[in-house]
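What follows is the content of my_file-v4.pdb (PDB, C-alpha atoms).
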ATOM      1  CA  MET A  40      98.204  54.578 104.831
ATOM      2  CA  SER A  41      96.679  56.834 102.168
ATOM      3  CA  SER A  42      93.765  57.839 104.428
ATOM      4  CA  LEU A  43      96.207  58.559 107.266
ATOM      5  CA  ASN A  44      98.203  60.885 105.028
ATOM      6  CA  GLU A  45      95.007  62.632 103.968
ATOM      7  CA  LEU A  46      94.065  63.212 107.612
ATOM      8  CA  GLU A  47      97.504  64.646 108.304
ATOM      9  CA  ASP A  48      97.157  66.963 105.311
ATOM     10  CA  MET A  49      93.739  68.110 106.553
ATOM     11  CA  GLU A  50      95.177  68.913 109.988
ATOM     12  CA  LYS A  51      97.962  70.941 108.403
ATOM     13  CA  LEU A  52      95.507  72.847 106.236
ATOM     14  CA  ARG A  53      93.275  73.507 109.233
ATOM     15  CA  GLY A  54      96.154  75.418 110.775
ATOM     16  CA  LEU A  55      96.545  77.322 107.519
ATOM     17  CA  SER A  56      92.871  78.310 107.576
ATOM     18  CA  TRP A  57      93.188  79.732 111.082
ATOM     19  CA  MET A  58      96.307  81.698 110.208
ATOM     20  CA  VAL A  59      94.755  83.077 107.025
ATOM     21  CA  ALA A  60      91.672  84.127 109.012
ATOM     22  CA  LEU A  61      93.936  85.843 111.543
ATOM     23  CA  SER A  62      95.796  87.665 108.770
ATOM     24  CA  GLN A  63      92.530  88.891 107.255
ATOM     25  CA  GLY A  64      91.290  90.155 110.594
ATOM     26  CA  LEU A  65      94.530  91.999 111.230
ATOM     27  CA  GLY A  66      94.650  93.400 107.695
ATOM     28  CA  ILE A  67      91.109  94.754 107.752
ATOM     29  CA  THR A  68      91.635  96.190 111.235
ATOM     30  CA  MET A  69      94.846  97.849 110.064
ATOM     31  CA  VAL A  70      93.123  99.610 107.141
ATOM     32  CA  ILE A  71      90.146 100.669 109.289
ATOM     33  CA  LEU A  72      92.385 102.107 112.008
ATOM     34  CA  MET A  73      94.385 104.056 109.449
ATOM     35  CA  GLY A  74      91.197 105.395 107.860
ATOM     36  CA  VAL A  75      89.696 106.403 111.215
ATOM     37  CA  TRP A  76      92.926 108.071 112.332
ATOM     38  CA  LEU A  77      93.248 110.121 109.157
ATOM     39  CA  ASN A  78      89.570 110.984 108.802
ATOM     40  CA  THR A  79      88.807 111.746 112.457
ATOM     41  CA  TYR A  80      92.040 113.233 113.786
ATOM     42  CA  MET A  81      94.012 114.348 110.714
ATOM     43  CA  GLY A  82      91.264 116.302 108.939
ATOM     44  CA  GLY A  83      89.866 113.848 106.401
ATOM     45  CA  PHE A  84      90.503 113.555 102.680
ATOM     46  CA  ALA A  85      90.446 115.784  99.605
ATOM     47  CA  TRP A  86      92.290 116.290  96.318
ATOM     48  CA  ASP A  87      93.202 119.958  96.643
ATOM     49  CA  GLY A  88      96.888 120.043  97.539
ATOM     50  CA  SER A  89      96.134 120.594 101.225
ATOM     51  CA  GLY A  90      96.879 118.422 104.217
ATOM     52  CA  LYS A  91      93.716 116.513 103.363
ATOM     53  CA  GLU A  92      95.308 115.409 100.114
ATOM     54  CA  PHE A  93      98.433 114.397 101.997
ATOM     55  CA  ASN A  94      96.229 112.092 104.103
ATOM     56  CA  LEU A  95      95.610 110.023 100.991
ATOM     57  CA  HIS A  96      99.314 109.154 100.983
ATOM     58  CA  PRO A  97      99.438 107.008 104.147
ATOM     59  CA  LEU A  98      96.045 105.455 103.403
ATOM     60  CA  CYS A  99      96.978 104.467  99.838
ATOM     61  CA  MET A 100     100.422 103.251 100.821
ATOM     62  CA  ILE A 101      99.184 101.017 103.618
ATOM     63  CA  CYS A 102      96.436  99.657 101.346
ATOM     64  CA  GLY A 103      98.826  99.062  98.445
ATOM     65  CA  MET A 104     102.272  98.297  99.830
ATOM     66  CA  VAL A 105     101.064  96.349 102.855
ATOM     67  CA  PHE A 106      97.496  95.024 102.582
ATOM     68  CA  LEU A 107      97.158  94.261  98.865
ATOM     69  CA  TYR A 108     100.785  93.151  98.612
ATOM     70  CA  GLY A 109     100.252  90.834 101.564
ATOM     71  CA  GLU A 110      97.058  89.487  99.997
ATOM     72  CA  ALA A 111      98.936  88.790  96.766
ATOM     73  CA  ALA A 112     101.533  86.839  98.732
ATOM     74  CA  LEU A 113      98.788  84.568 100.111
ATOM     75  CA  VAL A 114      97.303  83.630  96.749
ATOM     76  CA  TYR A 115      99.387  80.474  96.294
ATOM     77  CA  ARG A 116      98.486  79.323  99.824
ATOM     78  CA  VAL A 117      94.756  80.106  99.715
ATOM     79  CA  PHE A 118      94.001  79.010  96.126
ATOM     80  CA  ARG A 119      95.758  75.683  96.453
ATOM     81  CA  GLN A 120      93.325  73.781  94.225
ATOM     82  CA  THR A 121      92.889  76.508  91.622
ATOM     83  CA  GLU A 122      94.494  76.104  88.218
ATOM     84  CA  LYS A 123      98.020  77.509  88.239
ATOM     85  CA  LEU A 124      97.342  80.045  85.492
ATOM     86  CA  LYS A 125      94.242  81.377  87.281
ATOM     87  CA  ALA A 126      96.197  81.682  90.516
ATOM     88  CA  LYS A 127      98.877  83.619  88.653
ATOM     89  CA  ILE A 128      96.270  86.011  87.236
ATOM     90  CA  ILE A 129      94.767  86.616  90.697
ATOM     91  CA  HIS A 130      98.254  87.226  92.101
ATOM     92  CA  ALA A 131      99.136  89.671  89.325
ATOM     93  CA  SER A 132      95.769  91.453  89.570
ATOM     94  CA  LEU A 133      96.244  92.131  93.273
ATOM     95  CA  LEU A 134      99.730  93.465  92.578
ATOM     96  CA  LEU A 135      98.335  95.715  89.848
ATOM     97  CA  LEU A 136      95.763  97.123  92.298
ATOM     98  CA  ALA A 137      98.577  97.656  94.791
ATOM     99  CA  PHE A 138     100.585  99.490  92.123
ATOM    100  CA  ILE A 139      97.644 101.800  91.356
ATOM    101  CA  ALA A 140      97.183 102.590  95.057
ATOM    102  CA  ILE A 141     100.911 103.310  95.383
ATOM    103  CA  VAL A 142     100.869 105.712  92.413
ATOM    104  CA  VAL A 143      97.902 107.621  93.859
ATOM    105  CA  GLY A 144      99.650 107.797  97.238
ATOM    106  CA  LEU A 145     102.870 109.134  95.727
ATOM    107  CA  VAL A 146     101.096 111.725  93.572
ATOM    108  CA  ALA A 147      99.187 112.924  96.645
ATOM    109  CA  VAL A 148     102.301 113.512  98.743
ATOM    110  CA  PHE A 149     104.317 115.156  95.948
ATOM    111  CA  GLN A 150     101.439 117.485  95.039
ATOM    112  CA  PHE A 151     101.056 118.444  98.691
ATOM    113  CA  HIS A 152     104.779 119.174  99.009
ATOM    114  CA  HIS A 153     104.729 121.211  95.804
ATOM    115  CA  LYS A 154     101.808 123.369  96.923
ATOM    116  CA  MET A 155     103.198 123.870 100.427
ATOM    117  CA  HIS A 156     106.733 124.467  99.092
ATOM    118  CA  ILE A 157     108.109 121.553 101.110
ATOM    119  CA  THR A 158     111.290 119.827  99.980
ATOM    120  CA  ASN A 159     110.779 116.301  98.653
ATOM    121  CA  MET A 160     112.749 113.260  99.797
ATOM    122  CA  TYR A 161     114.372 114.890 102.830
ATOM    123  CA  SER A 162     113.702 112.307 105.550
ATOM    124  CA  LEU A 163     114.805 108.752 106.236
ATOM    125  CA  HIS A 164     111.163 107.697 105.903
ATOM    126  CA  SER A 165     110.955 109.119 102.385
ATOM    127  CA  TRP A 166     114.243 107.515 101.322
ATOM    128  CA  PHE A 167     113.276 104.165 102.787
ATOM    129  CA  GLY A 168     109.791 104.351 101.321
ATOM    130  CA  MET A 169     111.008 105.226  97.822
ATOM    131  CA  ILE A 170     113.528 102.366  97.862
ATOM    132  CA  THR A 171     110.684 100.023  98.849
ATOM    133  CA  VAL A 172     108.472 101.309  96.031
ATOM    134  CA  LEU A 173     111.245 100.953  93.450
ATOM    135  CA  LEU A 174     111.942  97.389  94.578
ATOM    136  CA  PHE A 175     108.215  96.625  94.387
ATOM    137  CA  CYS A 176     108.049  97.960  90.809
ATOM    138  CA  LEU A 177     111.117  95.963  89.790
ATOM    139  CA  GLN A 178     109.710  92.833  91.425
ATOM    140  CA  PHE A 179     106.375  93.351  89.656
ATOM    141  CA  LEU A 180     108.020  93.828  86.267
ATOM    142  CA  LEU A 181     110.406  90.877  86.554
ATOM    143  CA  GLY A 182     107.633  88.663  87.896
ATOM    144  CA  PHE A 183     105.418  89.502  84.920
ATOM    145  CA  LEU A 184     108.224  88.906  82.425
ATOM    146  CA  SER A 185     109.245  85.625  84.071
ATOM    147  CA  PHE A 186     105.930  84.017  85.022
ATOM    148  CA  LEU A 187     103.102  85.529  82.986
ATOM    149  CA  LEU A 188     104.582  86.744  79.713
ATOM    150  CA  PRO A 189     104.306  83.987  77.093
ATOM    151  CA  GLY A 190     107.660  82.866  75.826
ATOM    152  CA  ALA A 191     109.694  83.012  79.035
ATOM    153  CA  ARG A 192     112.099  80.089  79.210
ATOM    154  CA  PRO A 193     111.536  77.479  81.951
ATOM    155  CA  SER A 194     115.194  77.780  82.957
ATOM    156  CA  ILE A 195     114.740  81.508  83.600
ATOM    157  CA  ARG A 196     111.638  80.860  85.693
ATOM    158  CA  SER A 197     113.380  78.206  87.734
ATOM    159  CA  PHE A 198     116.357  80.492  88.334
ATOM    160  CA  TYR A 199     114.310  83.557  89.256
ATOM    161  CA  LEU A 200     111.641  81.874  91.423
ATOM    162  CA  PRO A 201     113.751  81.686  94.646
ATOM    163  CA  LEU A 202     114.775  85.329  94.171
ATOM    164  CA  HIS A 203     111.153  86.311  93.550
ATOM    165  CA  GLN A 204     110.076  84.588  96.757
ATOM    166  CA  PHE A 205     112.917  86.073  98.808
ATOM    167  CA  PHE A 206     112.369  89.632  97.639
ATOM    168  CA  GLY A 207     108.610  89.222  98.043
ATOM    169  CA  GLY A 208     109.019  88.717 101.779
ATOM    170  CA  GLY A 209     111.822  91.266 101.949
ATOM    171  CA  ILE A 210     109.779  94.010 100.276
ATOM    172  CA  LEU A 211     106.861  93.347 102.610
ATOM    173  CA  THR A 212     109.243  93.734 105.555
ATOM    174  CA  LEU A 213     110.591  96.994 104.141
ATOM    175  CA  ALA A 214     107.027  98.195 103.622
ATOM    176  CA  VAL A 215     106.093  97.755 107.273
ATOM    177  CA  ILE A 216     109.238  99.621 108.339
ATOM    178  CA  SER A 217     108.270 102.467 106.004
ATOM    179  CA  VAL A 218     104.756 102.563 107.450
ATOM    180  CA  ILE A 219     105.938 102.604 111.056
ATOM    181  CA  SER A 220     108.483 105.355 110.392
ATOM    182  CA  GLY A 221     105.862 107.338 108.490
ATOM    183  CA  ILE A 222     103.315 107.131 111.307
ATOM    184  CA  ASN A 223     105.951 108.186 113.821
ATOM    185  CA  GLU A 224     107.097 111.076 111.643
ATOM    186  CA  LYS A 225     103.512 112.346 111.231
ATOM    187  CA  LEU A 226     102.880 112.193 114.973
ATOM    188  CA  PHE A 227     106.083 114.089 115.727
ATOM    189  CA  PHE A 228     105.111 116.817 113.264
ATOM    190  CA  LYS A 229     101.558 117.092 114.604
ATOM    191  CA  TYR A 230     102.456 117.152 118.306
ATOM    192  CA  LYS A 231     105.821 118.878 118.076
ATOM    193  CA  GLY A 232     106.135 120.837 121.298
ATOM    194  CA  THR A 233     102.507 120.176 122.278
ATOM    195  CA  GLY A 234     102.687 117.060 124.377
ATOM    196  CA  TYR A 235     103.058 113.899 122.310
ATOM    197  CA  SER A 236     104.264 112.281 125.532
ATOM    198  CA  LYS A 237     100.779 112.849 127.003
ATOM    199  CA  LEU A 238      99.534 110.298 124.466
ATOM    200  CA  PRO A 239      96.381 111.899 123.051
ATOM    201  CA  ALA A 240      93.709 109.708 121.445
ATOM    202  CA  SER A 241      95.148 110.347 117.982
ATOM    203  CA  ALA A 242      98.517 108.962 119.055
ATOM    204  CA  VAL A 243      96.924 105.923 120.664
ATOM    205  CA  ILE A 244      95.058 104.989 117.474
ATOM    206  CA  ALA A 245      98.153 105.583 115.337
ATOM    207  CA  ASN A 246     100.346 103.485 117.632
ATOM    208  CA  VAL A 247      97.806 100.662 117.708
ATOM    209  CA  CYS A 248      97.582 100.809 113.910
ATOM    210  CA  GLY A 249     101.363 100.431 113.764
ATOM    211  CA  LEU A 250     101.277  97.384 116.033
ATOM    212  CA  VAL A 251      98.464  95.772 114.027
ATOM    213  CA  THR A 252     100.442  96.406 110.826
ATOM    214  CA  ILE A 253     103.421  94.571 112.299
ATOM    215  CA  GLY A 254     101.136  91.708 113.340
ATOM    216  CA  PHE A 255      99.630  91.483 109.851
ATOM    217  CA  VAL A 256     103.003  91.344 108.121
ATOM    218  CA  LEU A 257     104.442  88.815 110.577
ATOM    219  CA  THR A 258     101.407  86.584 110.022
ATOM    220  CA  ILE A 259     101.796  86.782 106.243
ATOM    221  CA  LEU A 260     105.512  86.015 106.454
ATOM    222  CA  TYR A 261     104.847  83.022 108.713
ATOM    223  CA  ILE A 262     102.261  81.607 106.307
ATOM    224  CA  ILE A 263     104.358  81.948 103.167
ATOM    225  CA  GLN A 264     107.531  80.503 104.699
ATOM    226  CA  LYS A 265     105.902  77.381 106.168
ATOM    227  CA  LYS A 266     106.797  74.547 103.802
ATOM    228  CA  GLU A 267     103.845  72.351 104.786
ATOM    229  CA  TRP A 268     101.453  74.999 103.462
ATOM    230  CA  GLN A 269     103.111  75.531 100.113
ATOM    231  CA  ARG A 270     101.115  74.759  97.003
ATOM    232  CA  LYS A 271     101.859  71.338  95.560
ATOM    233  CA  PRO A 272     103.812  71.315  92.288
ATOM    234  CA  ALA A 273     101.660  71.413  89.179
ATOM    235  CA  SER A 274     100.727  68.054  87.715
ATOM    236  CA  ALA A 275     102.060  66.946  84.355
ATOM    237  CA  GLU A 276      98.610  67.584  82.849
ATOM    238  CA  GLU A 277      98.509  71.121  84.242
ATOM    239  CA  GLU A 278     102.006  71.898  82.993
ATOM    240  CA  GLU A 279     100.990  70.527  79.594
ATOM    241  CA  SER A 280      97.869  72.709  79.516
ATOM    242  CA  LEU A 281      99.992  75.755  80.342
ATOM    243  CA  ALA A 282     102.393  74.836  77.589
ATOM    244  CA  ILE A 283      99.504  74.550  75.134
ATOM    245  CA  HIS A 284      98.147  77.881  76.358
ATOM    246  CA  PHE A 285     101.460  79.575  75.591
ATOM    247  CA  GLN A 286     102.165  77.603  72.414
ATOM    248  CA  PRO A 287     100.513  79.956  69.882
ATOM    249  CA  ILE A 288     102.779  82.820  70.914
ATOM    250  CA  SER A 289     105.973  81.270  72.194
ATOM    251  CA  GLY A 290     106.036  77.962  70.420
ATOM    252  CA  HIS A 291     107.724  76.261  73.401
ATOM    253  CA  GLY A 292     108.164  76.245  77.144
ATOM    254  CA  THR A 293     106.189  75.297  80.240
ATOM    255  CA  ASP A 294     105.437  77.089  83.447
ATOM    256  CA  THR A 295     107.599  75.862  86.286
ATOM    257  CA  GLU A 296     106.890  78.502  88.924
TER     258      GLU A 296
END

Would you put the structure from the file into structure tokens?
Amino acid sequence: MSSLNELEDMEKLRGLSWMVALSQGLGITMVILMGVWLNTYMGGFAWDGSGKEFNLHPLCMICGMVFLYGEAALVYRVFRQTEKLKAKIIHASLLLLAFIAIVVGLVAVFQFHHKMHITNMYSLHSWFGMITVLLFCLQFLLGFLSFLLPGARPSIRSFYLPLHQFFGGGILTLAVISVISGINEKLFFKYKGTGYSKLPASAVIANVCGLVTIGFVLTILYIIQKKEWQRKPASAEEEESLAIHFQPISGHGTDTE
């Protein structure tokens, strides 16, 4: 019976491997398409307040809010056998990289608007995007305080974990909506009155990038919601080691995420 259960677990994990591989292919393709679109058809990149600096905004946002955030969401599915604390550090490190990319992207767009005397936060895309960023920052902060900061009470972790998981998927969904609306807005500005309906090569690449982004996010959401692929609860020994790790600072508590 034990060997039969092991075979069933292997079959389930084989499906996980294929889905993770698919997500990585879509994610890398998404970033490449965005980079090619901006570099080839939108003028490239610079840090001079021009449209080239603005191009850093969509690239950084899709790398941070979508790709790196999606990668962070996969950590507890991919590193199933890794120690819980190490998995937490990998998860937090990816989120930190995402945060840095987001900050660079926001600075780029605000500097461009300032130099070109363009009003900030005037479109639905900008409102939606800023709400998504603020939720990401709040999620990052609360996650650190609840799951990584020594001294957090187990009861707080247990209470916040379902909310953390829910908003994780929700923020990723909001991020893809922000990306799609941003791509569409940029195309309308670029081809306003000049034949967007003729579908030039730039529009084709941008539209395909949008579709791949949706595919990437849907794949991530499918992986993280599938119960059979969730990481098994930490063993008593692992929980004890985490408690010992936190003991010098907090004096009590275990990690129940």

Skipping near chain neighbours, those fewer than 6 positions away, what residues fall within 12 Å of Ile253 (chain A) using all atoms listed in the file, listed as a list in words?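 The contact residues come out as Ser62, Leu65, Gly66, Thr68, Met69, Ile101, Val105, Phe106, Gly109, Leu211, Thr212, Leu213, Ala214, Val215, Ile216, Ser217, Val218, Ile219, Asn246, Val247, Ile259 and Leu260 of chain A.
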
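Here, the PyMOL selection byres ((chain A and resi 244) around 10) matches A:Leu72, A:Met73, A:Val75, A:Trp76, A:Leu77, A:Tyr80, A:Leu238, A:Pro239, A:Ala240, A:Ser241, A:Ala242, A:Val243, A:Ala245, A:Asn246, A:Val247, A:Cys248, A:Gly249, A:Leu250.
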
Export C-alpha atoms of the chosen residues as a PDB file, keeping the file's coordinate frame?
ATOM      1  CA  LEU A  72      92.385 102.107 112.008  1.00  0.00           C
ATOM      2  CA  MET A  73      94.385 104.056 109.449  1.00  0.00           C
ATOM      3  CA  VAL A  75      89.696 106.403 111.215  1.00  0.00           C
ATOM      4  CA  TRP A  76      92.926 108.071 112.332  1.00  0.00           C
ATOM      5  CA  LEU A  77      93.248 110.121 109.157  1.00  0.00           C
ATOM      6  CA  TYR A  80      92.040 113.233 113.786  1.00  0.00           C
ATOM      7  CA  LEU A 238      99.534 110.298 124.466  1.00  0.00           C
ATOM      8  CA  PRO A 239      96.381 111.899 123.051  1.00  0.00           C
ATOM      9  CA  ALA A 240      93.709 109.708 121.445  1.00  0.00           C
ATOM     10  CA  SER A 241      95.148 110.347 117.982  1.00  0.00           C
ATOM     11  CA  ALA A 242      98.517 108.962 119.055  1.00  0.00           C
ATOM     12  CA  VAL A 243      96.924 105.923 120.664  1.00  0.00           C
ATOM     13  CA  ALA A 245      98.153 105.583 115.337  1.00  0.00           C
ATOM     14  CA  ASN A 246     100.346 103.485 117.632  1.00  0.00           C
ATOM     15  CA  VAL A 247      97.806 100.662 117.708  1.00  0.00           C
ATOM     16  CA  CYS A 248      97.582 100.809 113.910  1.00  0.00           C
ATOM     17  CA  GLY A 249     101.363 100.431 113.764  1.00  0.00           C
ATOM     18  CA  LEU A 250     101.277  97.384 116.033  1.00  0.00           C
TER      19      LEU A 250
END

Edge lengths and centre in Å, axis-aligned, region 84-87 of chain A plus 3 Å each side, as AutoDock Vina command-line options:
--center_x 91.8 --center_y 116.8 --center_z 99.5 --size_x 8.8 --size_y 12.4 --size_z 12.4

Grab the CA of Lys123 (chain A) to CA of Leu61 (chain A) distance for me, in Å with one decimal place. 25.1 Å

To one decimal in Å, tell me the separation between CA of Ala112 (chain A) and CA of Leu173 (chain A).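 About the pair CA of Ala112 (chain A) and CA of Leu173 (chain A): they are 17.9 Å apart.
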
Given the choices A:Tyr108, A:Tyr235, A:Trp86, A:Phe227, which gets closest to Ser132 (chain A) if the distance is worked out from all atoms listed in the file? A:Tyr108

Apply the PyMOL selection byres ((chain A and resi 60) around 12) to the file shown and report the selected residues as a list in words. Arg53, Gly54, Leu55, Ser56, Trp57, Met58, Val59, Leu61, Ser62, Gln63, Gly64, Leu65, Gly66, Ile67, Glu110, Leu113, Val117, Phe255, Thr258, Ile259 and Ile262 of chain A

Which residue, A:Gly168, A:Gly103, A:Pro97, A:Gly182, has the smallest gap to Ala131 (chain A) when you use only C-alpha atoms?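 Ranked by minimum distance to Ala131 (chain A), first place goes to A:Gly182.
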
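When only C-alpha atoms are used to measure the gap to Phe183 (chain A), the shortest distance among A:His152, A:Lys125, A:Gly254, A:Leu134 belongs to A:Leu134.
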
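In this structure, CA of Lys237 (chain A) sits 16.9 Å away from CA of Ile222 (chain A).
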
Apply the PyMOL selection byres ((chain A and resi 149) around 10) to the structure shown and report the selected residues as an NGL selection string. :A and (88 or 92-93 or 96 or 144-148 or 150-155 or 157-160)
